[in-house]
file upload_22.txt (compact mmCIF, C-alpha atoms (C1' of nucleotides))
# COMPACT_ATOMS: atom_id res chain seq x y z
CA MET A 28 -37.29 102.66 -18.03
CA PRO A 29 -35.44 101.33 -21.03
CA ARG A 30 -36.69 98.21 -22.67
CA MET A 31 -33.92 95.73 -23.07
CA ALA A 32 -33.55 92.40 -24.70
CA LEU A 33 -34.05 89.56 -22.26
CA ASN A 34 -30.49 88.38 -22.70
CA ASP A 35 -29.07 91.80 -21.95
CA ARG A 36 -31.13 91.88 -18.80
CA ARG A 37 -29.79 88.53 -17.79
CA ASP A 38 -26.23 89.62 -18.42
CA GLU A 39 -26.73 92.73 -16.31
CA LEU A 40 -28.08 90.65 -13.46
CA VAL A 41 -25.16 88.26 -13.72
CA GLU A 42 -22.71 91.16 -13.57
CA ALA A 43 -24.53 92.71 -10.65
CA ALA A 44 -24.52 89.36 -8.87
CA ILE A 45 -20.78 89.03 -9.37
CA ARG A 46 -20.20 92.47 -7.90
CA VAL A 47 -22.31 91.71 -4.84
CA MET A 48 -20.67 88.32 -4.36
CA ALA A 49 -17.16 89.72 -4.68
CA ARG A 50 -18.02 92.32 -2.08
CA ASP A 51 -20.15 90.37 0.40
CA GLY A 52 -19.97 86.70 -0.49
CA VAL A 53 -22.26 84.24 -2.23
CA VAL A 54 -24.51 83.68 0.77
CA LYS A 55 -25.29 87.36 1.07
CA ALA A 56 -26.02 87.73 -2.64
CA THR A 57 -29.77 87.46 -2.21
CA THR A 58 -32.12 88.16 -5.07
CA ARG A 59 -32.96 91.45 -3.41
CA ALA A 60 -29.33 92.49 -3.03
CA ILE A 61 -28.67 91.60 -6.65
CA VAL A 62 -31.56 93.51 -8.16
CA ALA A 63 -30.73 96.50 -5.97
CA GLU A 64 -27.15 96.41 -7.29
CA ALA A 65 -28.47 96.18 -10.84
CA GLY A 66 -30.92 99.01 -10.28
CA MET A 67 -33.85 96.77 -11.08
CA THR A 68 -36.87 95.67 -9.15
CA LEU A 69 -37.48 92.28 -7.67
CA GLY A 70 -40.21 91.43 -10.11
CA VAL A 71 -37.89 91.51 -13.07
CA PHE A 72 -35.65 88.89 -11.50
CA HIS A 73 -38.08 86.03 -11.92
CA TYR A 74 -38.88 87.28 -15.35
CA CYS A 75 -35.24 86.77 -16.33
CA PHE A 76 -34.47 83.64 -14.30
CA ASP A 77 -36.62 80.82 -13.04
CA SER A 78 -34.82 80.79 -9.73
CA ARG A 79 -31.80 82.05 -7.84
CA GLU A 80 -30.16 78.72 -8.49
CA GLU A 81 -30.40 79.20 -12.22
CA LEU A 82 -28.67 82.55 -11.86
CA LEU A 83 -25.94 80.98 -9.75
CA LYS A 84 -25.26 78.40 -12.43
CA ARG A 85 -24.77 81.15 -14.97
CA VAL A 86 -22.62 83.16 -12.59
CA THR A 87 -20.41 80.11 -12.04
CA ALA A 88 -19.91 79.59 -15.74
CA THR A 89 -19.15 83.28 -16.22
CA ILE A 90 -16.64 83.47 -13.39
CA THR A 91 -14.86 80.33 -14.52
CA GLU A 92 -14.54 81.58 -18.08
CA ARG A 93 -13.44 85.00 -16.90
CA THR A 94 -10.79 83.62 -14.59
CA ILE A 95 -9.36 81.56 -17.40
CA ALA A 96 -9.55 84.46 -19.83
CA ASP A 97 -7.70 86.66 -17.34
CA ALA A 98 -5.01 84.05 -16.95
CA ARG A 99 -4.71 83.78 -20.72
CA ARG A 100 -4.35 87.53 -20.97
CA VAL A 101 -1.48 87.80 -18.51
CA PHE A 102 0.20 84.64 -19.68
CA THR A 103 3.67 85.57 -20.86
CA ARG A 104 5.46 83.86 -23.74
CA GLU A 105 8.62 85.90 -23.91
CA GLY A 106 12.09 84.97 -22.77
CA ASP A 107 13.43 81.54 -21.93
CA LEU A 108 11.46 78.92 -20.05
CA PRO A 109 12.30 80.00 -16.49
CA ASP A 110 11.42 83.60 -17.35
CA MET A 111 8.20 82.60 -19.01
CA ILE A 112 7.11 80.52 -16.06
CA ARG A 113 8.10 83.01 -13.44
CA ALA A 114 6.55 86.00 -15.18
CA SER A 115 3.31 84.15 -15.82
CA LEU A 116 3.01 82.97 -12.25
CA ARG A 117 3.70 86.42 -10.91
CA ALA A 118 1.21 87.98 -13.26
CA PHE A 119 -1.37 85.46 -12.16
CA TRP A 120 -0.61 86.32 -8.57
CA GLY A 121 -1.05 90.03 -9.22
CA GLY A 122 -4.61 89.25 -10.23
CA VAL A 123 -5.26 87.36 -7.01
CA GLU A 124 -3.96 90.10 -4.77
CA ALA A 125 -5.73 92.79 -6.77
CA ASN A 126 -9.07 91.05 -6.45
CA PRO A 127 -9.36 88.86 -3.37
CA GLY A 128 -13.13 88.99 -3.24
CA GLU A 129 -13.76 87.82 -6.76
CA ASN A 130 -11.24 85.06 -6.26
CA LEU A 131 -12.93 83.85 -3.13
CA VAL A 132 -16.23 83.73 -5.00
CA GLY A 133 -14.87 80.96 -7.20
CA TYR A 134 -14.32 78.70 -4.21
CA GLU A 135 -17.64 79.63 -2.64
CA LEU A 136 -19.44 78.64 -5.82
CA THR A 137 -17.64 75.31 -5.97
CA GLN A 138 -18.83 74.58 -2.48
CA TYR A 139 -22.32 75.77 -3.18
CA ALA A 140 -22.45 73.29 -6.04
CA LEU A 141 -20.97 70.49 -3.94
CA ARG A 142 -23.55 71.04 -1.21
CA ASN A 143 -26.63 71.21 -3.39
CA PRO A 144 -27.79 67.90 -4.83
CA GLY A 145 -28.14 68.14 -8.56
CA LEU A 146 -25.34 70.68 -8.95
CA GLU A 147 -22.40 68.31 -8.55
CA ASP A 148 -21.69 68.63 -12.25
CA VAL A 149 -21.31 72.37 -11.94
CA ALA A 150 -18.36 71.87 -9.59
CA ARG A 151 -16.97 69.11 -11.72
CA LEU A 152 -17.16 71.21 -14.87
CA GLN A 153 -15.45 74.10 -13.11
CA TYR A 154 -12.44 71.93 -12.39
CA VAL A 155 -12.42 70.27 -15.77
CA GLN A 156 -12.11 73.73 -17.28
CA TYR A 157 -9.43 74.89 -14.86
CA LEU A 158 -7.38 71.75 -15.40
CA GLU A 159 -7.70 72.01 -19.15
CA ALA A 160 -6.61 75.62 -19.04
CA ASN A 161 -3.55 74.74 -17.00
CA ALA A 162 -2.69 71.95 -19.40
CA GLU A 163 -3.05 74.38 -22.28
CA PHE A 164 -0.66 76.86 -20.69
CA LEU A 165 1.87 74.15 -20.01
CA GLU A 166 1.71 72.97 -23.60
CA LEU A 167 2.12 76.48 -24.96
CA MET A 168 5.17 77.06 -22.81
CA ALA A 169 6.68 73.77 -23.84
CA LYS A 170 6.14 74.53 -27.47
CA ASP A 171 7.57 78.04 -27.28
CA ALA A 172 10.60 76.93 -25.29
CA GLY A 173 11.24 73.83 -27.33
CA ILE A 174 11.01 71.49 -24.38
CA GLU A 175 8.80 68.71 -23.20
CA TRP A 176 7.61 67.97 -19.67
CA THR A 177 8.96 64.94 -17.88
CA ILE A 178 5.67 64.46 -16.06
CA PRO A 179 2.44 63.44 -17.81
CA LEU A 180 0.50 66.57 -18.71
CA PRO A 181 -2.76 65.83 -16.84
CA THR A 182 -0.84 65.11 -13.65
CA LEU A 183 1.34 68.17 -14.00
CA ALA A 184 -1.68 70.35 -14.74
CA ARG A 185 -3.39 69.09 -11.60
CA TYR A 186 -0.25 69.71 -9.62
CA VAL A 187 0.00 73.30 -10.82
CA ASN A 188 -3.68 73.86 -10.22
CA ALA A 189 -3.37 72.47 -6.69
CA VAL A 190 -0.50 74.77 -5.77
CA LEU A 191 -2.30 77.80 -7.17
CA ASP A 192 -5.55 76.98 -5.38
CA GLY A 193 -3.75 76.15 -2.16
CA VAL A 194 -1.54 79.19 -2.05
CA THR A 195 -4.51 81.41 -2.88
CA ILE A 196 -6.64 79.99 -0.09
CA SER A 197 -3.97 80.29 2.55
CA TRP A 198 -3.25 83.83 1.41
CA LEU A 199 -6.93 84.73 1.62
CA ALA A 200 -6.82 83.57 5.22
CA ASP A 201 -3.55 85.09 6.41
CA ARG A 202 -2.47 87.61 3.72
CA GLU A 203 1.16 86.56 3.89
CA SER A 204 2.19 87.86 0.48
CA GLU A 205 5.89 87.29 0.82
CA ASP A 206 5.63 83.62 1.75
CA SER A 207 3.02 83.09 -0.93
CA LEU A 208 5.28 84.51 -3.60
CA ALA A 209 8.11 82.33 -2.34
CA VAL A 210 5.87 79.29 -2.81
CA LEU A 211 5.02 80.37 -6.34
CA ASP A 212 8.70 80.71 -7.12
CA LEU A 213 9.26 77.18 -5.83
CA LEU A 214 6.54 76.01 -8.17
CA GLY A 215 8.28 77.82 -11.01
CA ASP A 216 11.58 76.14 -10.21
CA TYR A 217 9.81 72.82 -10.01
CA LEU A 218 8.41 73.22 -13.50
CA THR A 219 11.76 74.24 -14.95
CA GLU A 220 13.40 71.23 -13.37
CA HIS A 221 10.86 68.92 -14.92
CA SER A 222 11.40 69.98 -18.48
CA ARG A 223 13.89 68.58 -20.98
CA PRO A 224 14.90 69.71 -24.46
CA VAL A 225 12.77 68.02 -27.00
CA GLY A 226 14.69 65.60 -29.22
CA MET B 247 -34.24 64.48 30.80
CA PRO B 248 -30.76 64.21 32.21
CA ARG B 249 -29.26 67.25 33.78
CA MET B 250 -25.83 67.89 32.35
CA ALA B 251 -23.08 70.29 33.09
CA LEU B 252 -23.19 73.31 30.83
CA ASN B 253 -19.88 72.44 29.25
CA ASP B 254 -20.98 68.91 28.44
CA ARG B 255 -24.06 70.35 26.79
CA ARG B 256 -21.92 72.66 24.74
CA ASP B 257 -19.66 69.82 23.68
CA GLU B 258 -22.65 67.75 22.61
CA LEU B 259 -23.98 70.61 20.53
CA VAL B 260 -20.60 71.10 18.91
CA GLU B 261 -20.41 67.41 18.01
CA ALA B 262 -23.95 67.45 16.66
CA ALA B 263 -23.14 70.54 14.64
CA ILE B 264 -20.11 68.85 13.12
CA ARG B 265 -22.18 65.84 12.11
CA VAL B 266 -24.82 68.01 10.47
CA MET B 267 -22.20 70.13 8.71
CA ALA B 268 -20.29 67.10 7.41
CA ARG B 269 -23.54 65.72 6.03
CA ASP B 270 -25.29 68.82 4.71
CA GLY B 271 -22.86 71.72 4.80
CA VAL B 272 -22.33 74.71 7.07
CA VAL B 273 -25.13 76.78 5.56
CA LYS B 274 -27.69 74.08 6.27
CA ALA B 275 -26.50 73.59 9.83
CA THR B 276 -29.20 75.79 11.32
CA THR B 277 -29.78 75.95 15.03
CA ARG B 278 -32.86 73.80 14.50
CA ALA B 279 -31.01 71.14 12.56
CA ILE B 280 -28.28 71.06 15.18
CA VAL B 281 -30.53 70.70 18.22
CA ALA B 282 -32.55 68.05 16.39
CA GLU B 283 -29.35 66.13 15.72
CA ALA B 284 -28.37 66.47 19.37
CA GLY B 285 -31.81 65.41 20.56
CA MET B 286 -32.34 68.70 22.33
CA THR B 287 -34.89 71.44 22.01
CA LEU B 288 -34.35 74.84 20.52
CA GLY B 289 -34.60 76.62 23.83
CA VAL B 290 -31.52 74.94 25.20
CA PHE B 291 -29.39 76.24 22.36
CA HIS B 292 -29.42 79.82 23.51
CA TYR B 293 -28.92 78.69 27.03
CA CYS B 294 -25.60 77.14 25.97
CA PHE B 295 -24.49 79.70 23.36
CA ASP B 296 -25.20 83.36 22.91
CA SER B 297 -25.58 82.95 19.17
CA ARG B 298 -25.06 80.61 16.27
CA GLU B 299 -21.88 82.51 15.47
CA GLU B 300 -20.41 81.68 18.86
CA LEU B 301 -21.09 78.00 18.21
CA LEU B 302 -19.43 78.25 14.80
CA LYS B 303 -16.31 79.69 16.35
CA ARG B 304 -16.08 76.75 18.69
CA VAL B 305 -16.79 74.30 15.89
CA THR B 306 -13.98 75.83 13.83
CA ALA B 307 -11.50 75.47 16.65
CA THR B 308 -12.59 71.88 17.25
CA ILE B 309 -12.38 70.86 13.60
CA THR B 310 -8.97 72.43 13.17
CA GLU B 311 -7.58 70.69 16.23
CA ARG B 312 -9.14 67.41 15.19
CA THR B 313 -7.77 67.58 11.67
CA ILE B 314 -4.29 68.16 13.00
CA ALA B 315 -4.68 65.43 15.62
CA ASP B 316 -5.77 63.00 12.90
CA ALA B 317 -2.75 63.90 10.80
CA ARG B 318 -0.50 63.42 13.80
CA ARG B 319 -2.04 60.02 14.42
CA VAL B 320 -1.42 58.69 10.90
CA PHE B 321 1.95 60.35 10.58
CA THR B 322 4.49 57.61 9.94
CA ARG B 323 8.08 57.70 11.20
CA GLU B 324 9.31 54.34 10.06
CA GLY B 325 11.62 53.53 7.18
CA ASP B 326 13.87 55.90 5.30
CA LEU B 327 12.90 59.39 4.28
CA PRO B 328 11.12 58.58 1.00
CA ASP B 329 9.11 55.85 2.74
CA MET B 330 8.22 58.09 5.61
CA ILE B 331 7.04 60.85 3.34
CA ARG B 332 5.11 58.62 1.00
CA ALA B 333 3.42 56.61 3.73
CA SER B 334 2.42 59.75 5.63
CA LEU B 335 0.99 61.44 2.55
CA ARG B 336 -0.97 58.36 1.59
CA ALA B 337 -2.29 57.96 5.10
CA PHE B 338 -3.37 61.57 5.09
CA TRP B 339 -5.10 60.98 1.80
CA GLY B 340 -6.95 57.98 3.12
CA GLY B 341 -8.54 60.29 5.67
CA VAL B 342 -9.66 62.70 2.98
CA GLU B 343 -11.28 60.06 0.84
CA ALA B 344 -12.86 58.39 3.84
CA ASN B 345 -14.47 61.59 4.99
CA PRO B 346 -15.12 64.07 2.21
CA GLY B 347 -17.88 65.89 4.03
CA GLU B 348 -15.92 66.68 7.15
CA ASN B 349 -13.03 67.80 5.04
CA LEU B 350 -15.18 70.17 3.06
CA VAL B 351 -16.47 71.68 6.29
CA GLY B 352 -13.00 73.00 7.05
CA TYR B 353 -13.00 75.09 3.88
CA GLU B 354 -16.58 76.22 4.38
CA LEU B 355 -15.71 77.49 7.84
CA THR B 356 -12.69 79.38 6.55
CA GLN B 357 -14.93 81.12 4.07
CA TYR B 358 -17.61 81.79 6.62
CA ALA B 359 -14.99 83.53 8.73
CA LEU B 360 -13.60 85.47 5.78
CA ARG B 361 -17.07 86.72 4.84
CA ASN B 362 -18.21 87.82 8.28
CA PRO B 363 -16.61 91.00 9.58
CA GLY B 364 -15.06 90.42 12.96
CA LEU B 365 -14.20 86.79 12.27
CA GLU B 366 -11.15 87.35 10.08
CA ASP B 367 -8.94 86.18 12.92
CA VAL B 368 -10.74 82.85 13.02
CA ALA B 369 -9.61 82.12 9.46
CA ARG B 370 -6.14 83.42 10.15
CA LEU B 371 -5.76 81.27 13.23
CA GLN B 372 -6.93 78.21 11.32
CA TYR B 373 -4.10 78.62 8.85
CA VAL B 374 -1.52 79.52 11.45
CA GLN B 375 -2.30 76.20 13.10
CA TYR B 376 -2.24 74.22 9.86
CA LEU B 377 1.05 75.75 8.80
CA GLU B 378 2.60 75.14 12.19
CA ALA B 379 1.47 71.53 12.09
CA ASN B 380 3.02 71.04 8.67
CA ALA B 381 6.25 72.60 9.85
CA GLU B 382 6.22 70.30 12.84
CA PHE B 383 5.82 67.22 10.65
CA LEU B 384 8.62 68.32 8.37
CA GLU B 385 10.91 68.87 11.32
CA LEU B 386 10.12 65.48 12.79
CA MET B 387 10.85 63.77 9.51
CA ALA B 388 14.11 65.62 9.11
CA LYS B 389 15.20 64.71 12.61
CA ASP B 390 14.32 61.04 12.24
CA ALA B 391 15.97 60.74 8.85
CA GLY B 392 19.03 62.74 9.77
CA ILE B 393 18.55 65.28 7.03
CA GLU B 394 17.82 68.94 6.73
CA TRP B 395 15.58 70.70 4.23
CA THR B 396 17.16 72.85 1.56
CA ILE B 397 14.19 75.22 1.63
CA PRO B 398 13.32 77.45 4.60
CA LEU B 399 10.86 75.65 6.82
CA PRO B 400 8.00 78.20 6.78
CA THR B 401 8.10 78.33 2.99
CA LEU B 402 8.23 74.57 2.64
CA ALA B 403 5.40 74.14 5.13
CA ARG B 404 3.25 76.56 3.15
CA TYR B 405 4.13 74.74 -0.03
CA VAL B 406 3.08 71.38 1.40
CA ASN B 407 -0.08 72.87 2.84
CA ALA B 408 -0.94 74.41 -0.52
CA VAL B 409 -0.58 71.16 -2.41
CA LEU B 410 -2.66 69.29 0.16
CA ASP B 411 -5.41 71.90 0.15
CA GLY B 412 -5.37 72.18 -3.60
CA VAL B 413 -5.44 68.50 -4.36
CA THR B 414 -8.21 68.00 -1.82
CA ILE B 415 -10.38 70.70 -3.30
CA SER B 416 -10.01 69.50 -6.86
CA TRP B 417 -10.74 65.96 -5.73
CA LEU B 418 -13.86 67.10 -3.90
CA ALA B 419 -15.01 68.57 -7.19
CA ASP B 420 -14.10 65.80 -9.62
CA ARG B 421 -13.28 62.71 -7.50
CA GLU B 422 -10.30 61.79 -9.65
CA SER B 423 -8.53 59.65 -7.09
CA GLU B 424 -5.83 58.30 -9.34
CA ASP B 425 -4.61 61.68 -10.54
CA SER B 426 -4.81 63.05 -7.03
CA LEU B 427 -2.59 60.29 -5.70
CA ALA B 428 -0.16 60.91 -8.52
CA VAL B 429 0.06 64.54 -7.46
CA LEU B 430 0.72 63.52 -3.86
CA ASP B 431 3.52 61.24 -5.03
CA LEU B 432 5.03 64.15 -6.93
CA LEU B 433 4.92 66.17 -3.75
CA GLY B 434 6.65 63.31 -1.95
CA ASP B 435 9.40 63.19 -4.56
CA TYR B 436 9.75 66.93 -4.34
CA LEU B 437 10.35 66.79 -0.61
CA THR B 438 12.88 64.00 -0.93
CA GLU B 439 14.76 65.96 -3.55
CA HIS B 440 14.95 68.98 -1.31
CA SER B 441 16.60 67.26 1.60
CA ARG B 442 20.32 66.79 2.23
CA PRO B 443 22.19 64.81 4.86
CA VAL B 444 22.87 66.92 7.86
CA GLY B 445 26.57 67.60 8.44
C1' DG C 183 -33.28 74.13 33.88
C1' DT C 184 -36.32 72.76 30.42
C1' DC C 185 -39.72 73.28 27.43
C1' DT C 186 -43.36 75.51 24.10
C1' DA C 187 -44.77 79.34 21.80
C1' DT C 188 -43.88 83.26 19.39
C1' DA C 189 -41.63 87.46 18.08
C1' DA C 190 -38.80 89.63 14.53
C1' DT C 191 -36.42 89.29 10.46
C1' DG C 192 -35.30 88.16 5.86
C1' DG C 193 -35.55 85.12 2.30
C1' DG C 194 -37.52 83.16 -2.63
C1' DA C 195 -41.25 83.22 -5.31
C1' DT C 196 -45.72 84.96 -7.22
C1' DA C 197 -50.07 87.64 -8.28
C1' DG C 198 -51.97 91.11 -10.47
C1' DA C 199 -52.40 96.18 -11.41
C1' DC C 200 -50.81 99.16 -14.85
C1' DG D 175 -42.84 94.42 -19.84
C1' DT D 176 -42.55 96.57 -15.53
C1' DC D 177 -43.65 97.42 -11.05
C1' DT D 178 -45.69 96.98 -6.20
C1' DA D 179 -47.56 94.28 -2.90
C1' DT D 180 -47.83 90.13 -0.80
C1' DC D 181 -47.62 85.15 0.12
C1' DC D 182 -45.35 81.69 2.40
C1' DC D 183 -41.60 79.78 4.33
C1' DA D 184 -37.37 79.26 7.25
C1' DT D 185 -34.42 81.38 10.14
C1' DT D 186 -32.36 83.35 14.76
C1' DA D 187 -33.50 84.79 18.96
C1' DT D 188 -36.42 85.53 23.02
C1' DA D 189 -40.37 85.39 26.36
C1' DG D 190 -42.53 83.11 29.71
C1' DA D 191 -45.05 78.90 31.53
C1' DC D 192 -43.80 75.03 34.24
call {"tool": "encode", "arguments": {"input": "upload_22.txt", "output": "structure tokens"}}
result
Amino acid sequence: MPRMALNDRRDELVEAAIRVMARDGVVKATTRAIVAEAGMTLGVFHYCFDSREELLKRVTATITERTIADARRVFTREGDLPDMIRASLRAFWGGVEANPGENLVGYELTQYALRNPGLEDVARLQYVQYLEANAEFLELMAKDAGIEWTIPLPTLARYVNAVLDGVTISWLADRESEDSLAVLDLLGDYLTEHSRPVG
Amino acid sequence: MPRMALNDRRDELVEAAIRVMARDGVVKATTRAIVAEAGMTLGVFHYCFDSREELLKRVTATITERTIADARRVFTREGDLPDMIRASLRAFWGGVEANPGENLVGYELTQYALRNPGLEDVARLQYVQYLEANAEFLELMAKDAGIEWTIPLPTLARYVNAVLDGVTISWLADRESEDSLAVLDLLGDYLTEHSRPVG
DNA sequence: GTCTATAATGGGATAGAC
DNA sequence: GTCTATCCCATTATAGAC
């Protein structure tokens, strides 16, 4: 068996955990299921992490960063404002439909944090990061298109985040892609209508 | 010990389960915790329900109906359209802030259903009911105010549902009441702007 | 019908050989 | 450092006395 640096081991366990969670859910991602996925033995788990909870914290941070990085990657800055918005939203949505399981994991982890005393800050941090990312995207679009938003940025970012979360959750439940896309287009129109040329 | 009809027993267990879940979360609502809350013994549980899963199905149906009934109760039909919308949204929000735990349970149950093969329809039904309720509210408002919506009803209902879900979830994570209310007001404005007097 | 006791399972964590 | 074996606990579900 190869000897690996402790940090590499940890990363492999985190990746294995994410795969198991995406497939079967957070609850079913037991230490045993995770080490099996990683091709390791149970003993090594508690050599890498003090507890399952410590792993979950790291998984949460990783998933949050990855989700934002994915959004940043598909974020489109070409064309006029309506095009930019619409293309970005649709690219985001492609990611959701391509990977329902991993998307659901994000919400499961929020709830895990909210239900376990001492982890409230994990959930809070998750949303701080998501809201900041949304604000960043909105600012980039405004800059590129030479407009400003007519709604205060933190409020608008929360609004966008709410629609994206909400439309994702209802889609996870009923898989109505067409209606979901229609809602995203409404959000796009909404954003366009709340911009004005910058003086 | 009082002898009760089987259905009364079941109802009591469902209510006890909801209390435990609101307090501690769905995962921690074990059969033991539920019967303890109900003041019953473990043996009686499997006399009333075949399995914990069967109880959870009934709890999901009950919570969904109750959430919609609560919304119907606070739904306001007085004043002009903007008043109606704003008052209803704020009344809805009062319920969320007054009862974070019970609200979170709804999302936990959706995810439980999505993660347990064979229960997908439970999640789907939940959202069918929520979307229908939102459509119903929108139609009532339109009728009372003598307007019609400029967006197809199913799409608009999904949009409203998405914002409500999304703003609730982010609030559960970060408890930013002020920003959340601002988002709800934006939703209210949005609805007003997408109405027109009926010919 | 109601209870206690217990079976059967699966979990997180740990001890200790190698 | 790595593994196996095991501890100890909590869970769902059931058996069987009363």
call {"tool": "residues_around", "arguments": {"input": "upload_22.txt", "residues": "D:DT188", "least_positions_apart": "6", "cutoff": "12 Å", "atoms": "all atoms listed in the file", "output": "list in words"}}
result
Leu288, Gly289, Val290, Phe291, His292, Tyr293, Asp296 and Ser297 of chain B; DA187, DT188, DA189 and DA190 of chain C
call {"tool": "interface_residues", "arguments": {"input": "upload_22.txt", "of": "chain A", "to": "chain B", "cutoff": "7 Å", "atoms": "all atoms listed in the file", "output": "number ranges by chain"}}
result
A: 51-52, 142, 150-151, 154, 182, 186, 189-190, 192-194, 197, 200-201, 206, 209-210
call {"tool": "interface_residues", "arguments": {"input": "upload_22.txt", "of": "chain C", "to": "chain A", "cutoff": "12 Å", "atoms": "all atoms listed in the file", "output": "PyMOL selection string"}}
result
chain C and resi 192-198
call {"tool": "closest_atom_pairs", "arguments": {"input": "upload_22.txt", "of": "chain D", "to": "chain A", "cutoff": "8 Å", "atoms": "all atoms listed in the file", "output": "CSV"}}
result
residue,atom,partner,partner_atom,distance
D:DG175,C1',A:Arg30,CA,7.8
D:DT176,C1',A:Val71,CA,7.3
D:DC177,C1',A:Gly70,CA,7.0
call {"tool": "write_last_selection", "arguments": {"input": "upload_22.txt", "atoms": "C-alpha atoms (C1' of nucleotides)", "output": "compact mmCIF listing (two decimals), in the frame of the given file"}}
result
# COMPACT_ATOMS: atom_id res chain seq x y z
C1' DG D 175 -42.84 94.42 -19.84
C1' DT D 176 -42.55 96.57 -15.53
C1' DC D 177 -43.65 97.42 -11.05
call {"tool": "atom_distance", "arguments": {"input": "upload_22.txt", "atom1": "atom CA of A:Val62", "atom2": "atom CA of A:Met48"}}
result
12.6 Å
call {"tool": "residues_around", "arguments": {"input": "upload_22.txt", "residues": "B:Val320", "least_positions_apart": "5", "cutoff": "7 Å", "atoms": "all atoms listed in the file", "output": "list in words"}}
result
Ser334, Ala337 and Phe338 of chain B
call {"tool": "atom_distance", "arguments": {"input": "upload_22.txt", "atom1": "atom CA of B:Arg442", "atom2": "atom CA of B:Gly392"}}
result
8.7 Å
call {"tool": "atom_distance", "arguments": {"input": "upload_22.txt", "atom1": "atom C1' of D:DG190", "atom2": "atom CA of B:Phe295"}}
result
19.4 Å
call {"tool": "axis_aligned_box", "arguments": {"input": "upload_22.txt", "around": "stretch 162-167 of chain A", "padding_each_side": "4 Å", "output": "lines of an AutoDock Vina configuration file"}}
result
center_x = -0.5
center_y = 74.4
center_z = -22.2
size_x = 13.2
size_y = 12.9
size_z = 13.6
call {"tool": "residues_near_point", "arguments": {"input": "upload_22.txt", "point": "(4.1, 82.0, -21.5)", "cutoff": "12 Å", "atoms": "all atoms listed in the file", "output": "PDB file with C-alpha atoms, in the frame of the given file"}}
result
ATOM      1  CA  ALA A  98      -5.010  84.050 -16.950  1.00  0.00           C
ATOM      2  CA  ARG A  99      -4.710  83.780 -20.720  1.00  0.00           C
ATOM      3  CA  ARG A 100      -4.350  87.530 -20.970  1.00  0.00           C
ATOM      4  CA  VAL A 101      -1.480  87.800 -18.510  1.00  0.00           C
ATOM      5  CA  PHE A 102       0.200  84.640 -19.680  1.00  0.00           C
ATOM      6  CA  THR A 103       3.670  85.570 -20.860  1.00  0.00           C
ATOM      7  CA  ARG A 104       5.460  83.860 -23.740  1.00  0.00           C
ATOM      8  CA  GLU A 105       8.620  85.900 -23.910  1.00  0.00           C
ATOM      9  CA  GLY A 106      12.090  84.970 -22.770  1.00  0.00           C
ATOM     10  CA  ASP A 107      13.430  81.540 -21.930  1.00  0.00           C
ATOM     11  CA  LEU A 108      11.460  78.920 -20.050  1.00  0.00           C
ATOM     12  CA  PRO A 109      12.300  80.000 -16.490  1.00  0.00           C
ATOM     13  CA  ASP A 110      11.420  83.600 -17.350  1.00  0.00           C
ATOM     14  CA  MET A 111       8.200  82.600 -19.010  1.00  0.00           C
ATOM     15  CA  ILE A 112       7.110  80.520 -16.060  1.00  0.00           C
ATOM     16  CA  ARG A 113       8.100  83.010 -13.440  1.00  0.00           C
ATOM     17  CA  ALA A 114       6.550  86.000 -15.180  1.00  0.00           C
ATOM     18  CA  SER A 115       3.310  84.150 -15.820  1.00  0.00           C
ATOM     19  CA  LEU A 116       3.010  82.970 -12.250  1.00  0.00           C
ATOM     20  CA  ARG A 117       3.700  86.420 -10.910  1.00  0.00           C
ATOM     21  CA  ALA A 118       1.210  87.980 -13.260  1.00  0.00           C
ATOM     22  CA  PHE A 119      -1.370  85.460 -12.160  1.00  0.00           C
ATOM     23  CA  ASN A 161      -3.550  74.740 -17.000  1.00  0.00           C
ATOM     24  CA  GLU A 163      -3.050  74.380 -22.280  1.00  0.00           C
ATOM     25  CA  PHE A 164      -0.660  76.860 -20.690  1.00  0.00           C
ATOM     26  CA  LEU A 165       1.870  74.150 -20.010  1.00  0.00           C
ATOM     27  CA  GLU A 166       1.710  72.970 -23.600  1.00  0.00           C
ATOM     28  CA  LEU A 167       2.120  76.480 -24.960  1.00  0.00           C
ATOM     29  CA  MET A 168       5.170  77.060 -22.810  1.00  0.00           C
ATOM     30  CA  ALA A 169       6.680  73.770 -23.840  1.00  0.00           C
ATOM     31  CA  LYS A 170       6.140  74.530 -27.470  1.00  0.00           C
ATOM     32  CA  ASP A 171       7.570  78.040 -27.280  1.00  0.00           C
ATOM     33  CA  ALA A 172      10.600  76.930 -25.290  1.00  0.00           C
TER      34      ALA A 172
END
call {"tool": "residues_near_point", "arguments": {"input": "upload_22.txt", "point": "(-36.1, 84.1, 10.7)", "cutoff": "7 Å", "atoms": "all atoms listed in the file", "output": "MDAnalysis selection string"}}
result
(chainID C and resid 191:192) or (chainID D and resid 184:186)
call {"tool": "decode", "arguments": {"input": "upload_22.txt", "residues": "stretch 46-57 of chain A", "atoms": "C-alpha atoms", "output": "PDB file, in the first residue's frame"}}
result
ATOM      1  CA  ARG A  46     -19.109  10.760  -4.224  1.00  0.00           C
ATOM      2  CA  VAL A  47     -20.983   8.664  -1.677  1.00  0.00           C
ATOM      3  CA  MET A  48     -23.096  11.620  -0.577  1.00  0.00           C
ATOM      4  CA  ALA A  49     -23.977  12.612  -4.120  1.00  0.00           C
ATOM      5  CA  ARG A  50     -25.058   9.054  -4.798  1.00  0.00           C
ATOM      6  CA  ASP A  51     -26.776   8.065  -1.547  1.00  0.00           C
ATOM      7  CA  GLY A  52     -27.161  11.153   0.605  1.00  0.00           C
ATOM      8  CA  VAL A  53     -25.373  12.560   3.623  1.00  0.00           C
ATOM      9  CA  VAL A  54     -27.086  10.286   6.132  1.00  0.00           C
ATOM     10  CA  LYS A  55     -25.935   7.178   4.318  1.00  0.00           C
ATOM     11  CA  ALA A  56     -22.357   8.416   4.022  1.00  0.00           C
ATOM     12  CA  THR A  57     -21.138   6.458   7.024  1.00  0.00           C
TER      13      THR A  57
END
